[in-house]
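Reproduced below: model-v4.cif, with mmCIF, C-alpha atoms.
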data_input
loop_
_atom_site.label_atom_id
_atom_site.label_comp_id
_atom_site.auth_asym_id
_atom_site.auth_seq_id
_atom_site.Cartn_x
_atom_site.Cartn_y
_atom_site.Cartn_z
CA MET O 283 24.83 25.41 -5.00
CA SER O 284 27.12 26.10 -2.00
CA LYS O 285 29.26 23.30 -0.53
CA GLY O 286 27.01 23.17 2.56
CA GLU O 287 23.91 22.89 0.38
CA ALA O 288 25.51 20.17 -1.80
CA THR O 289 26.38 18.17 1.34
CA LYS O 290 22.85 18.53 2.61
CA GLN O 291 21.38 17.29 -0.70
CA ALA O 292 23.72 14.27 -0.65
CA VAL O 293 22.73 13.51 2.95
CA LEU O 294 19.04 13.74 2.01
CA ASP O 295 19.54 11.33 -0.92
CA GLN O 296 20.98 8.80 1.53
CA ALA O 297 18.23 9.50 4.05
CA VAL O 298 15.50 8.82 1.45
CA GLU O 299 17.20 5.51 0.64
CA VAL O 300 17.39 4.50 4.34
CA ALA O 301 13.76 5.57 4.96
CA SER O 302 12.55 3.60 1.91
CA ARG O 303 14.23 0.49 3.32
CA LEU O 304 13.59 0.78 7.06
CA GLY O 305 10.62 3.14 7.17
CA LEU O 306 10.65 6.82 8.11
CA SER O 307 10.46 5.78 11.79
CA GLY O 308 13.56 3.65 11.35
CA LEU O 309 15.52 6.73 10.22
CA THR O 310 17.30 8.44 13.10
CA ILE O 311 19.93 11.18 13.12
CA GLY O 312 22.26 8.63 14.76
CA THR O 313 21.93 5.90 12.10
CA LEU O 314 22.06 8.48 9.32
CA ALA O 315 25.29 9.97 10.78
CA THR O 316 26.93 6.51 10.64
CA GLN O 317 25.72 5.97 7.07
CA VAL O 318 26.98 9.30 5.68
CA GLU O 319 30.09 9.42 7.90
CA LEU O 320 29.30 12.83 9.36
CA SER O 321 29.12 13.71 13.03
CA LYS O 322 25.80 13.43 14.82
CA SER O 323 26.20 17.00 16.06
CA GLY O 324 26.77 18.20 12.46
CA LEU O 325 23.51 16.53 11.35
CA PHE O 326 21.65 17.93 14.37
CA ALA O 327 22.75 21.41 13.23
CA HIS O 328 21.06 20.72 9.86
CA PHE O 329 17.89 18.92 11.00
CA ARG O 330 17.32 19.82 14.70
CA SER O 331 14.87 16.94 15.45
CA LYS O 332 13.76 13.56 14.15
CA GLU O 333 10.46 15.05 12.95
CA GLN O 334 12.26 17.84 11.07
CA LEU O 335 14.50 15.22 9.48
CA GLN O 336 11.43 13.15 8.44
CA LEU O 337 9.72 16.23 6.96
CA GLN O 338 12.83 17.26 5.01
CA VAL O 339 13.26 13.70 3.75
CA LEU O 340 9.67 13.72 2.49
CA ALA O 341 10.17 17.13 0.86
CA HIS O 342 13.31 15.83 -0.86
CA ALA O 343 11.52 12.67 -2.05
CA ARG O 344 8.63 14.79 -3.33
CA GLU O 345 11.03 17.04 -5.25
CA THR O 346 12.70 14.01 -6.89
CA PHE O 347 9.34 12.39 -7.72
CA THR O 348 8.05 15.64 -9.25
CA ALA O 349 11.22 16.05 -11.32
CA GLN O 350 11.18 12.42 -12.55
CA VAL O 351 7.46 11.72 -12.96
CA ILE O 352 5.31 14.86 -13.02
CA ARG O 353 7.42 17.54 -14.74
CA PRO O 354 8.30 15.51 -17.89
CA ALA O 355 4.57 14.83 -18.34
CA LEU O 356 3.76 18.53 -18.32
CA SER O 357 5.83 19.03 -21.48
CA ALA O 358 4.17 16.02 -23.19
CA PRO O 359 1.08 16.54 -25.40
CA ARG O 360 -2.18 16.96 -23.48
CA GLY O 361 -4.44 14.01 -22.65
CA GLU O 362 -3.47 10.36 -23.10
CA LYS O 363 0.18 11.03 -24.05
CA ARG O 364 0.64 13.13 -20.91
CA LEU O 365 -0.87 10.41 -18.70
CA ARG O 366 1.30 7.77 -20.40
CA THR O 367 4.39 9.85 -19.66
CA VAL O 368 3.44 9.96 -15.96
CA PHE O 369 2.77 6.23 -16.00
CA GLU O 370 6.13 5.33 -17.60
CA GLY O 371 8.01 7.58 -15.16
CA TRP O 372 6.16 6.03 -12.22
CA LEU O 373 7.07 2.51 -13.41
CA VAL O 374 10.75 3.47 -13.55
CA CYS O 375 10.53 5.02 -10.11
CA GLY O 376 9.16 1.69 -8.76
CA ARG O 377 11.84 -0.39 -10.47
CA GLU O 378 14.67 1.81 -9.21
CA SER O 379 13.12 1.92 -5.72
CA ALA O 380 13.18 5.17 -3.63
CA PRO O 381 11.78 7.91 -3.59
CA GLY O 382 8.33 6.99 -4.97
CA CYS O 383 8.42 3.89 -2.82
CA LEU O 384 8.94 6.03 0.24
CA PHE O 385 5.49 7.57 -0.22
CA VAL O 386 3.90 4.12 -0.48
CA SER O 387 5.50 2.81 2.71
CA ALA O 388 5.19 6.10 4.63
CA ALA O 389 1.44 6.17 3.88
CA THR O 390 0.74 2.91 5.74
CA GLU O 391 3.39 3.69 8.37
CA PHE O 392 1.83 7.02 9.37
CA ASP O 393 -1.89 6.60 8.62
CA ASP O 394 -2.55 5.92 12.33
CA GLN O 395 0.00 8.41 13.70
CA PRO O 396 -1.39 11.96 13.95
CA GLY O 397 1.16 14.76 13.57
CA ALA O 398 3.12 16.91 11.14
CA VAL O 399 4.44 13.97 9.09
CA ARG O 400 0.97 12.50 8.56
CA ASP O 401 -0.43 15.96 7.67
CA GLN O 402 2.31 16.48 5.09
CA LEU O 403 1.72 13.03 3.57
CA VAL O 404 -1.99 13.78 3.19
CA ARG O 405 -1.25 17.09 1.45
CA ASP O 406 1.31 15.45 -0.85
CA HIS O 407 -1.13 12.73 -1.88
CA GLN O 408 -3.93 15.24 -2.41
CA ASP O 409 -1.62 17.32 -4.63
CA LEU O 410 -0.72 14.23 -6.62
CA MET O 411 -4.37 13.22 -7.08
CA GLU O 412 -5.24 16.76 -8.20
CA SER O 413 -2.37 16.79 -10.72
CA LEU O 414 -3.54 13.46 -12.16
CA ALA O 415 -7.17 14.60 -12.35
CA LEU O 416 -6.06 17.82 -14.08
CA MET O 417 -4.04 15.88 -16.65
CA PHE O 418 -7.06 13.67 -17.27
CA ARG O 419 -9.21 16.79 -17.84
CA THR O 420 -6.91 17.89 -20.67
CA GLY O 421 -7.86 14.61 -22.38
CA ILE O 422 -11.56 15.47 -22.08
CA SER O 423 -10.94 18.98 -23.48
CA GLU O 424 -9.03 17.47 -26.40
CA GLY O 425 -11.94 15.13 -27.15
CA GLN O 426 -9.88 11.98 -26.38
CA PHE O 427 -11.88 10.95 -23.29
CA ARG O 428 -15.65 10.86 -22.79
CA GLU O 429 -17.32 14.09 -21.59
CA ASP O 430 -18.94 12.21 -18.69
CA ALA O 431 -15.72 10.48 -17.52
CA ASP O 432 -14.85 11.30 -13.90
CA PRO O 433 -11.31 12.76 -13.53
CA GLU O 434 -11.19 12.14 -9.74
CA GLN O 435 -12.28 8.52 -10.23
CA PHE O 436 -9.53 8.09 -12.84
CA ALA O 437 -6.91 9.52 -10.45
CA HIS O 438 -8.18 7.23 -7.67
CA ASP O 439 -8.08 4.16 -9.94
CA LEU O 440 -4.65 4.96 -11.37
CA HIS O 441 -3.24 5.35 -7.87
CA GLY O 442 -4.61 1.88 -7.03
CA VAL O 443 -2.99 0.42 -10.15
CA MET O 444 0.37 1.87 -9.03
CA LEU O 445 0.01 0.72 -5.40
CA GLN O 446 -0.59 -2.79 -6.70
CA TYR O 447 2.43 -2.47 -9.00
CA PHE O 448 4.68 -1.62 -6.04
CA HIS O 449 3.13 -4.48 -4.05
CA ALA O 450 3.53 -7.11 -6.79
CA LEU O 451 7.04 -5.90 -7.66
CA ARG O 452 8.54 -5.30 -4.24
CA LEU O 453 6.83 -7.80 -1.93
CA ILE O 454 5.88 -10.66 -4.26
CA ARG O 455 8.70 -10.07 -6.83
CA ASP O 456 6.08 -11.19 -9.36
CA PRO O 457 7.76 -11.42 -12.78
CA ALA O 458 4.39 -10.44 -14.31
CA ALA O 459 4.09 -7.27 -12.20
CA GLU O 460 4.90 -4.81 -14.99
CA ARG O 461 2.91 -6.68 -17.66
CA ARG O 462 -0.20 -6.82 -15.44
CA THR O 463 0.21 -3.16 -14.49
CA ARG O 464 0.43 -2.12 -18.15
CA ARG O 465 -2.69 -4.12 -18.90
CA ALA O 466 -4.56 -2.53 -15.98
CA PHE O 467 -3.52 0.96 -17.15
CA ASP O 468 -4.60 0.24 -20.75
CA THR O 469 -7.98 -1.01 -19.49
CA LEU O 470 -8.46 2.19 -17.44
CA LEU O 471 -7.90 4.22 -20.60
CA ASP O 472 -10.06 1.93 -22.78
CA ASN O 473 -12.92 2.49 -20.33
CA VAL O 474 -12.88 6.29 -20.73
CA ARG O 475 -12.00 6.71 -24.40
CA ALA O 476 -14.41 8.87 -26.39
CA MET G 1455 -10.60 -23.87 24.63
CA SER G 1456 -8.39 -24.08 27.76
CA LYS G 1457 -7.87 -21.00 29.95
CA GLY G 1458 -4.26 -20.75 28.72
CA GLU G 1459 -5.38 -20.90 25.10
CA ALA G 1460 -8.12 -18.30 25.69
CA THR G 1461 -5.56 -15.94 27.26
CA LYS G 1462 -3.24 -16.44 24.30
CA GLN G 1463 -6.02 -15.65 21.79
CA ALA G 1464 -6.91 -12.47 23.73
CA VAL G 1465 -3.24 -11.44 23.79
CA LEU G 1466 -2.97 -12.03 20.03
CA ASP G 1467 -6.09 -9.91 19.40
CA GLN G 1468 -4.38 -7.04 21.23
CA ALA G 1469 -1.10 -7.70 19.45
CA VAL G 1470 -2.78 -7.49 16.01
CA GLU G 1471 -4.29 -4.16 17.05
CA VAL G 1472 -0.93 -2.77 18.24
CA ALA G 1473 0.85 -4.03 15.10
CA SER G 1474 -1.81 -2.47 12.83
CA ARG G 1475 -1.22 0.86 14.52
CA LEU G 1476 2.55 0.91 15.09
CA GLY G 1477 3.74 -1.65 12.54
CA LEU G 1478 4.91 -5.19 13.22
CA SER G 1479 8.37 -3.80 14.04
CA GLY G 1480 6.84 -1.51 16.65
CA LEU G 1481 5.39 -4.52 18.46
CA THR G 1482 7.69 -5.81 21.19
CA ILE G 1483 7.10 -8.33 23.96
CA GLY G 1484 7.76 -5.48 26.41
CA THR G 1485 5.15 -3.03 25.00
CA LEU G 1486 2.65 -5.87 24.57
CA ALA G 1487 3.14 -6.96 28.22
CA THR G 1488 2.27 -3.41 29.38
CA GLN G 1489 -0.78 -3.32 27.09
CA VAL G 1490 -2.26 -6.66 28.22
CA GLU G 1491 -1.11 -6.32 31.85
CA LEU G 1492 0.76 -9.62 31.88
CA SER G 1493 4.38 -10.16 32.92
CA LYS G 1494 7.09 -9.95 30.27
CA SER G 1495 8.38 -13.35 31.39
CA GLY G 1496 4.88 -14.86 30.95
CA LEU G 1497 4.72 -13.55 27.37
CA PHE G 1498 8.25 -14.77 26.66
CA ALA G 1499 7.08 -18.25 27.70
CA HIS G 1500 4.34 -18.02 25.03
CA PHE G 1501 6.27 -16.38 22.19
CA ARG G 1502 10.01 -16.94 22.84
CA SER G 1503 11.27 -14.21 20.45
CA LYS G 1504 10.15 -11.06 18.66
CA GLU G 1505 10.14 -12.89 15.33
CA GLN G 1506 8.00 -15.72 16.74
CA LEU G 1507 5.60 -13.10 18.11
CA GLN G 1508 5.44 -11.39 14.69
CA LEU G 1509 4.77 -14.71 12.93
CA GLN G 1510 2.04 -15.68 15.39
CA VAL G 1511 0.44 -12.25 15.07
CA LEU G 1512 0.38 -12.67 11.28
CA ALA G 1513 -1.09 -16.18 11.62
CA HIS G 1514 -3.77 -14.82 13.94
CA ALA G 1515 -4.58 -11.94 11.57
CA ARG G 1516 -4.76 -14.37 8.65
CA GLU G 1517 -7.15 -16.63 10.57
CA THR G 1518 -9.44 -13.66 11.35
CA PHE G 1519 -9.30 -12.38 7.76
CA THR G 1520 -10.12 -15.86 6.41
CA ALA G 1521 -13.04 -16.24 8.82
CA GLN G 1522 -14.43 -12.75 8.06
CA VAL G 1523 -13.74 -12.38 4.33
CA ILE G 1524 -12.90 -15.67 2.60
CA ARG G 1525 -14.99 -18.34 4.34
CA PRO G 1526 -18.39 -16.57 4.03
CA ALA G 1527 -17.72 -16.22 0.28
CA LEU G 1528 -17.19 -19.94 -0.12
CA SER G 1529 -20.78 -20.59 0.96
CA ALA G 1530 -22.11 -17.89 -1.42
CA PRO G 1531 -23.21 -18.85 -4.96
CA ARG G 1532 -20.36 -19.33 -7.44
CA GLY G 1533 -19.08 -16.48 -9.63
CA GLU G 1534 -20.10 -12.83 -9.21
CA LYS G 1535 -22.05 -13.34 -5.97
CA ARG G 1536 -19.08 -15.08 -4.38
CA LEU G 1537 -16.71 -12.27 -5.41
CA ARG G 1538 -19.18 -9.65 -4.14
CA THR G 1539 -19.28 -11.43 -0.77
CA VAL G 1540 -15.47 -11.23 -0.54
CA PHE G 1541 -15.57 -7.57 -1.57
CA GLU G 1542 -18.20 -6.60 1.05
CA GLY G 1543 -16.30 -8.45 3.79
CA TRP G 1544 -13.06 -6.77 2.76
CA LEU G 1545 -14.71 -3.31 2.90
CA VAL G 1546 -15.91 -4.02 6.45
CA CYS G 1547 -12.46 -5.22 7.45
CA GLY G 1548 -11.00 -1.90 6.23
CA ARG G 1549 -13.60 0.22 8.04
CA GLU G 1550 -13.12 -1.63 11.31
CA SER G 1551 -9.32 -1.51 10.91
CA ALA G 1552 -7.12 -4.51 11.92
CA PRO G 1553 -6.48 -7.35 10.88
CA GLY G 1554 -6.75 -6.84 7.09
CA CYS G 1555 -4.99 -3.53 7.51
CA LEU G 1556 -2.08 -5.32 9.16
CA PHE G 1557 -1.34 -7.14 5.90
CA VAL G 1558 -1.35 -3.85 3.96
CA SER G 1559 1.10 -2.13 6.31
CA ALA G 1560 3.25 -5.23 6.92
CA ALA G 1561 3.69 -5.64 3.15
CA THR G 1562 5.43 -2.27 2.72
CA GLU G 1563 7.17 -2.59 6.09
CA PHE G 1564 8.85 -5.93 5.26
CA ASP G 1565 9.25 -5.84 1.46
CA ASP G 1566 12.92 -4.84 1.89
CA GLN G 1567 13.63 -6.99 4.96
CA PRO G 1568 14.54 -10.60 4.10
CA GLY G 1569 13.58 -13.23 6.67
CA ALA G 1570 10.83 -15.46 8.00
CA VAL G 1571 8.26 -12.64 8.34
CA ARG G 1572 8.71 -11.50 4.74
CA ASP G 1573 8.57 -15.12 3.49
CA GLN G 1574 5.30 -15.69 5.37
CA LEU G 1575 3.79 -12.47 4.01
CA VAL G 1576 4.64 -13.50 0.44
CA ARG G 1577 3.00 -16.92 0.95
CA ASP G 1578 -0.09 -15.33 2.52
CA HIS G 1579 -0.51 -12.90 -0.37
CA GLN G 1580 0.04 -15.65 -2.93
CA ASP G 1581 -2.63 -17.79 -1.20
CA LEU G 1582 -5.02 -14.85 -1.26
CA MET G 1583 -4.42 -14.15 -4.95
CA GLU G 1584 -4.94 -17.83 -5.77
CA SER G 1585 -8.21 -17.90 -3.81
CA LEU G 1586 -9.45 -14.83 -5.69
CA ALA G 1587 -8.44 -16.26 -9.07
CA LEU G 1588 -10.19 -19.54 -8.22
CA MET G 1589 -13.39 -17.72 -7.27
CA PHE G 1590 -13.20 -15.82 -10.54
CA ARG G 1591 -12.87 -19.12 -12.45
CA THR G 1592 -16.19 -20.32 -11.00
CA GLY G 1593 -17.76 -17.31 -12.73
CA ILE G 1594 -16.26 -18.40 -16.07
CA SER G 1595 -17.53 -21.97 -15.53
CA GLU G 1596 -20.98 -20.60 -14.76
CA GLY G 1597 -20.97 -18.58 -17.98
CA GLN G 1598 -21.10 -15.24 -16.12
CA PHE G 1599 -17.64 -14.06 -17.19
CA ARG G 1600 -16.00 -14.20 -20.62
CA GLU G 1601 -14.13 -17.40 -21.50
CA ASP G 1602 -11.01 -15.38 -22.37
CA ALA G 1603 -11.02 -13.30 -19.16
CA ASP G 1604 -7.79 -13.69 -17.15
CA PRO G 1605 -8.40 -14.85 -13.54
CA GLU G 1606 -4.90 -13.85 -12.34
CA GLN G 1607 -5.30 -10.38 -13.88
CA PHE G 1608 -8.65 -10.00 -12.10
CA ALA G 1609 -7.09 -11.01 -8.75
CA HIS G 1610 -4.22 -8.54 -9.35
CA ASP G 1611 -6.62 -5.72 -10.26
CA LEU G 1612 -8.98 -6.40 -7.34
CA HIS G 1613 -6.07 -6.33 -4.91
CA GLY G 1614 -5.10 -2.90 -6.30
CA VAL G 1615 -8.67 -1.65 -5.84
CA MET G 1616 -8.53 -2.74 -2.19
CA LEU G 1617 -5.06 -1.26 -1.55
CA GLN G 1618 -6.34 2.06 -2.86
CA TYR G 1619 -9.45 1.72 -0.65
CA PHE G 1620 -7.28 1.33 2.45
CA HIS G 1621 -5.12 4.25 1.30
CA ALA G 1622 -8.04 6.64 0.60
CA LEU G 1623 -9.85 5.60 3.78
CA ARG G 1624 -7.03 5.44 6.28
CA LEU G 1625 -4.49 8.03 5.13
CA ILE G 1626 -6.62 10.58 3.23
CA ARG G 1627 -9.86 9.93 5.19
CA ASP G 1628 -11.54 10.61 1.83
CA PRO G 1629 -15.33 10.61 2.38
CA ALA G 1630 -15.69 9.25 -1.19
CA ALA G 1631 -13.35 6.28 -0.51
CA GLU G 1632 -16.07 3.63 -0.36
CA ARG G 1633 -18.12 5.07 -3.22
CA ARG G 1634 -15.08 5.21 -5.52
CA THR G 1635 -14.02 1.70 -4.48
CA ARG G 1636 -17.49 0.32 -5.27
CA ARG G 1637 -17.39 2.00 -8.64
CA ALA G 1638 -13.91 0.58 -9.39
CA PHE G 1639 -15.11 -2.92 -8.41
CA ASP G 1640 -18.23 -2.66 -10.57
CA THR G 1641 -16.09 -1.53 -13.52
CA LEU G 1642 -13.77 -4.53 -13.05
CA LEU G 1643 -16.79 -6.83 -13.27
CA ASP G 1644 -18.36 -4.93 -16.20
CA ASN G 1645 -15.11 -5.45 -18.13
CA VAL G 1646 -15.23 -9.25 -17.84
CA ARG G 1647 -18.95 -9.97 -18.07
CA ALA G 1648 -19.96 -12.49 -20.73
#

Here is the file; what I need is its structure written in the form of structure tokens.
Amino acid sequence: MSKGEATKQAVLDQAVEVASRLGLSGLTIGTLATQVELSKSGLFAHFRSKEQLQLQVLAHARETFTAQVIRPALSAPRGEKRLRTVFEGWLVCGRESAPGCLFVSAATEFDDQPGAVRDQLVRDHQDLMESLALMFRTGISEGQFREDADPEQFAHDLHGVMLQYFHALRLIRDPAAERRTRRAFDTLLDNVRA
Amino acid sequence: MSKGEATKQAVLDQAVEVASRLGLSGLTIGTLATQVELSKSGLFAHFRSKEQLQLQVLAHARETFTAQVIRPALSAPRGEKRLRTVFEGWLVCGRESAPGCLFVSAATEFDDQPGAVRDQLVRDHQDLMESLALMFRTGISEGQFREDADPEQFAHDLHGVMLQYFHALRLIRDPAAERRTRRAFDTLLDNVRA
């Protein structure tokens, strides 16, 4: 990685953190320049516009989420173990805030704002739902889950369990957040077991 | 209702709509004045500060949500029918956007921002969860749900089902959003039936 590229990655790490806290709309090239102690003109050279900055921040958050949550699961055994690996990674990503949290807040921030950021968020969530449904299908193939279980319904339900985890953990600071989330996840699996 | 009070209610209706679209932080006395065609100084006389405006908008949204979703359920028969009445009202409130949606977006917008707005949001969500748990308990008393079912877990899980409904409906515009949400709700009830 060149020095320029390393700087850019470090700036994006900071930008994901700021966007998770203040929202993607709260992230400007000006406030980011102050935070990372680089010149505004230097950051403009990298990102060109606020929308480009938002899109690159989302791409960076997606890359981190994939590396921390999705990729480890793909080397786990097919079916339930693979889904549990995703689930455990997702829990960690909630506890340590950013970048998974950014997708949760950006979703409600941009759902009413048409444009490139919204379009990218929709694609990212669709990709995630398809990955989860695909992992679930490996559990049907392996005979762990019922033949008539619905992989898209499972992905939908699991995403709801995780949204509620982020909500209970980050807004309510509910000490039972993780325990209730584990119970909800176990119940989802109990409902589809062969 | 006096003319002044009627004007204030109409302004708050508009304010809830703006806040649902742009976020509570995107709502300013200035932009609201333009929207409702009243003078900025007139609105300042009503609301005094941005934070007071945000708190009154939340109070107004809570009042509407209670009238549309909670109160009708309290006159429905105890147990499952009462919970189904809440669920149907909540679905409508998602389809017609605002003011239920405001609570979903405000939760992720303010979870990292300490202050009076965050404190109010936490109390509102705790009240909601307690209402749901209490409704669930009437179903245990009536012998519809298992004695050992956990009312707080049910409230937690139902809230997750609704967060995912708002997500699938409003961000993804998933045509299956309502169907999947109904199925998730039915499964929640199937799991606790006596």

Between atom CA of G:Ala1587 and atom CA of G:Leu1509 - distance in Å to one decimal = 25.7 Å

Evaluating the PyMOL selection byres ((chain O) within 10 of (chain G)) on the displayed file yields which residues, as a PDB file with C-alpha atoms, in the coordinates of the input?
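Result saved to part-v8.pdb:
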ATOM      1  CA  SER O 302      12.550   3.600   1.910  1.00  0.00           C
ATOM      2  CA  ARG O 303      14.230   0.490   3.320  1.00  0.00           C
ATOM      3  CA  LEU O 304      13.590   0.780   7.060  1.00  0.00           C
ATOM      4  CA  GLY O 305      10.620   3.140   7.170  1.00  0.00           C
ATOM      5  CA  SER O 307      10.460   5.780  11.790  1.00  0.00           C
ATOM      6  CA  GLY O 308      13.560   3.650  11.350  1.00  0.00           C
ATOM      7  CA  CYS O 383       8.420   3.890  -2.820  1.00  0.00           C
ATOM      8  CA  LEU O 384       8.940   6.030   0.240  1.00  0.00           C
ATOM      9  CA  VAL O 386       3.900   4.120  -0.480  1.00  0.00           C
ATOM     10  CA  SER O 387       5.500   2.810   2.710  1.00  0.00           C
ATOM     11  CA  ALA O 388       5.190   6.100   4.630  1.00  0.00           C
ATOM     12  CA  ALA O 389       1.440   6.170   3.880  1.00  0.00           C
ATOM     13  CA  THR O 390       0.740   2.910   5.740  1.00  0.00           C
ATOM     14  CA  GLU O 391       3.390   3.690   8.370  1.00  0.00           C
ATOM     15  CA  PHE O 392       1.830   7.020   9.370  1.00  0.00           C
ATOM     16  CA  ASP O 393      -1.890   6.600   8.620  1.00  0.00           C
ATOM     17  CA  ASP O 394      -2.550   5.920  12.330  1.00  0.00           C
ATOM     18  CA  GLN O 395       0.000   8.410  13.700  1.00  0.00           C
ATOM     19  CA  ARG O 400       0.970  12.500   8.560  1.00  0.00           C
ATOM     20  CA  ASP O 401      -0.430  15.960   7.670  1.00  0.00           C
ATOM     21  CA  LEU O 403       1.720  13.030   3.570  1.00  0.00           C
ATOM     22  CA  VAL O 404      -1.990  13.780   3.190  1.00  0.00           C
ATOM     23  CA  ARG O 405      -1.250  17.090   1.450  1.00  0.00           C
ATOM     24  CA  HIS O 407      -1.130  12.730  -1.880  1.00  0.00           C
ATOM     25  CA  GLN O 408      -3.930  15.240  -2.410  1.00  0.00           C
ATOM     26  CA  GLU O 434     -11.190  12.140  -9.740  1.00  0.00           C
ATOM     27  CA  GLN O 435     -12.280   8.520 -10.230  1.00  0.00           C
ATOM     28  CA  PHE O 436      -9.530   8.090 -12.840  1.00  0.00           C
ATOM     29  CA  HIS O 438      -8.180   7.230  -7.670  1.00  0.00           C
ATOM     30  CA  ASP O 439      -8.080   4.160  -9.940  1.00  0.00           C
ATOM     31  CA  LEU O 440      -4.650   4.960 -11.370  1.00  0.00           C
ATOM     32  CA  HIS O 441      -3.240   5.350  -7.870  1.00  0.00           C
ATOM     33  CA  GLY O 442      -4.610   1.880  -7.030  1.00  0.00           C
ATOM     34  CA  VAL O 443      -2.990   0.420 -10.150  1.00  0.00           C
ATOM     35  CA  MET O 444       0.370   1.870  -9.030  1.00  0.00           C
ATOM     36  CA  LEU O 445       0.010   0.720  -5.400  1.00  0.00           C
ATOM     37  CA  GLN O 446      -0.590  -2.790  -6.700  1.00  0.00           C
ATOM     38  CA  TYR O 447       2.430  -2.470  -9.000  1.00  0.00           C
ATOM     39  CA  PHE O 448       4.680  -1.620  -6.040  1.00  0.00           C
ATOM     40  CA  HIS O 449       3.130  -4.480  -4.050  1.00  0.00           C
ATOM     41  CA  ALA O 450       3.530  -7.110  -6.790  1.00  0.00           C
ATOM     42  CA  LEU O 451       7.040  -5.900  -7.660  1.00  0.00           C
ATOM     43  CA  ARG O 452       8.540  -5.300  -4.240  1.00  0.00           C
ATOM     44  CA  LEU O 453       6.830  -7.800  -1.930  1.00  0.00           C
ATOM     45  CA  ILE O 454       5.880 -10.660  -4.260  1.00  0.00           C
ATOM     46  CA  ARG O 455       8.700 -10.070  -6.830  1.00  0.00           C
ATOM     47  CA  ASP O 456       6.080 -11.190  -9.360  1.00  0.00           C
ATOM     48  CA  ALA O 458       4.390 -10.440 -14.310  1.00  0.00           C
ATOM     49  CA  ALA O 459       4.090  -7.270 -12.200  1.00  0.00           C
ATOM     50  CA  ARG O 461       2.910  -6.680 -17.660  1.00  0.00           C
ATOM     51  CA  ARG O 462      -0.200  -6.820 -15.440  1.00  0.00           C
ATOM     52  CA  THR O 463       0.210  -3.160 -14.490  1.00  0.00           C
ATOM     53  CA  ARG O 465      -2.690  -4.120 -18.900  1.00  0.00           C
ATOM     54  CA  ALA O 466      -4.560  -2.530 -15.980  1.00  0.00           C
ATOM     55  CA  THR O 469      -7.980  -1.010 -19.490  1.00  0.00           C
ATOM     56  CA  LEU O 470      -8.460   2.190 -17.440  1.00  0.00           C
ATOM     57  CA  ASN O 473     -12.920   2.490 -20.330  1.00  0.00           C
TER      58      ASN O 473
END

Quick one: pull the distance between atom CA of O:Gln350 and atom CA of O:Gly371, Å, one decimal.
->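 We find that atom CA of O:Gln350 and atom CA of O:Gly371 lie 6.3 Å from each other.
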
Leaving out O:Gln334 and any residue of its chain fewer than 2 positions from it, which residues lie within 12 Å of it when counting all atoms listed in the file, given as a PyMOL selection string?
-> chain O and resi 306+309-311+325-332+336-341+397-399+402

Using atom CA of G:Met1583 and atom CA of G:Val1472 as the two end points, give the distance in Å to one decimal.
-> 26.1 Å

Decode the PyMOL selection byres ((chain O and resi 361) around 7) for the given file into explicit residues and return them as a list in words.
-> Pro359, Arg360, Glu362, Lys363, Arg364, Leu365, Met417, Phe418, Thr420, Gly421, Glu424 and Gln426 of chain O

Compare O:Ile422, O:Leu320, O:Phe369, O:Arg428 by their minimum atom-to-atom distance to O:Asp468, counting only C-alpha atoms, and give me the closest one.
-> O:Phe369

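Distances from G:Lys1494, G:Gly1597, G:Ser1585, G:Glu1632 to G:Arg1549 were compared using only C-alpha atoms, and the smallest one belongs to G:Glu1632.
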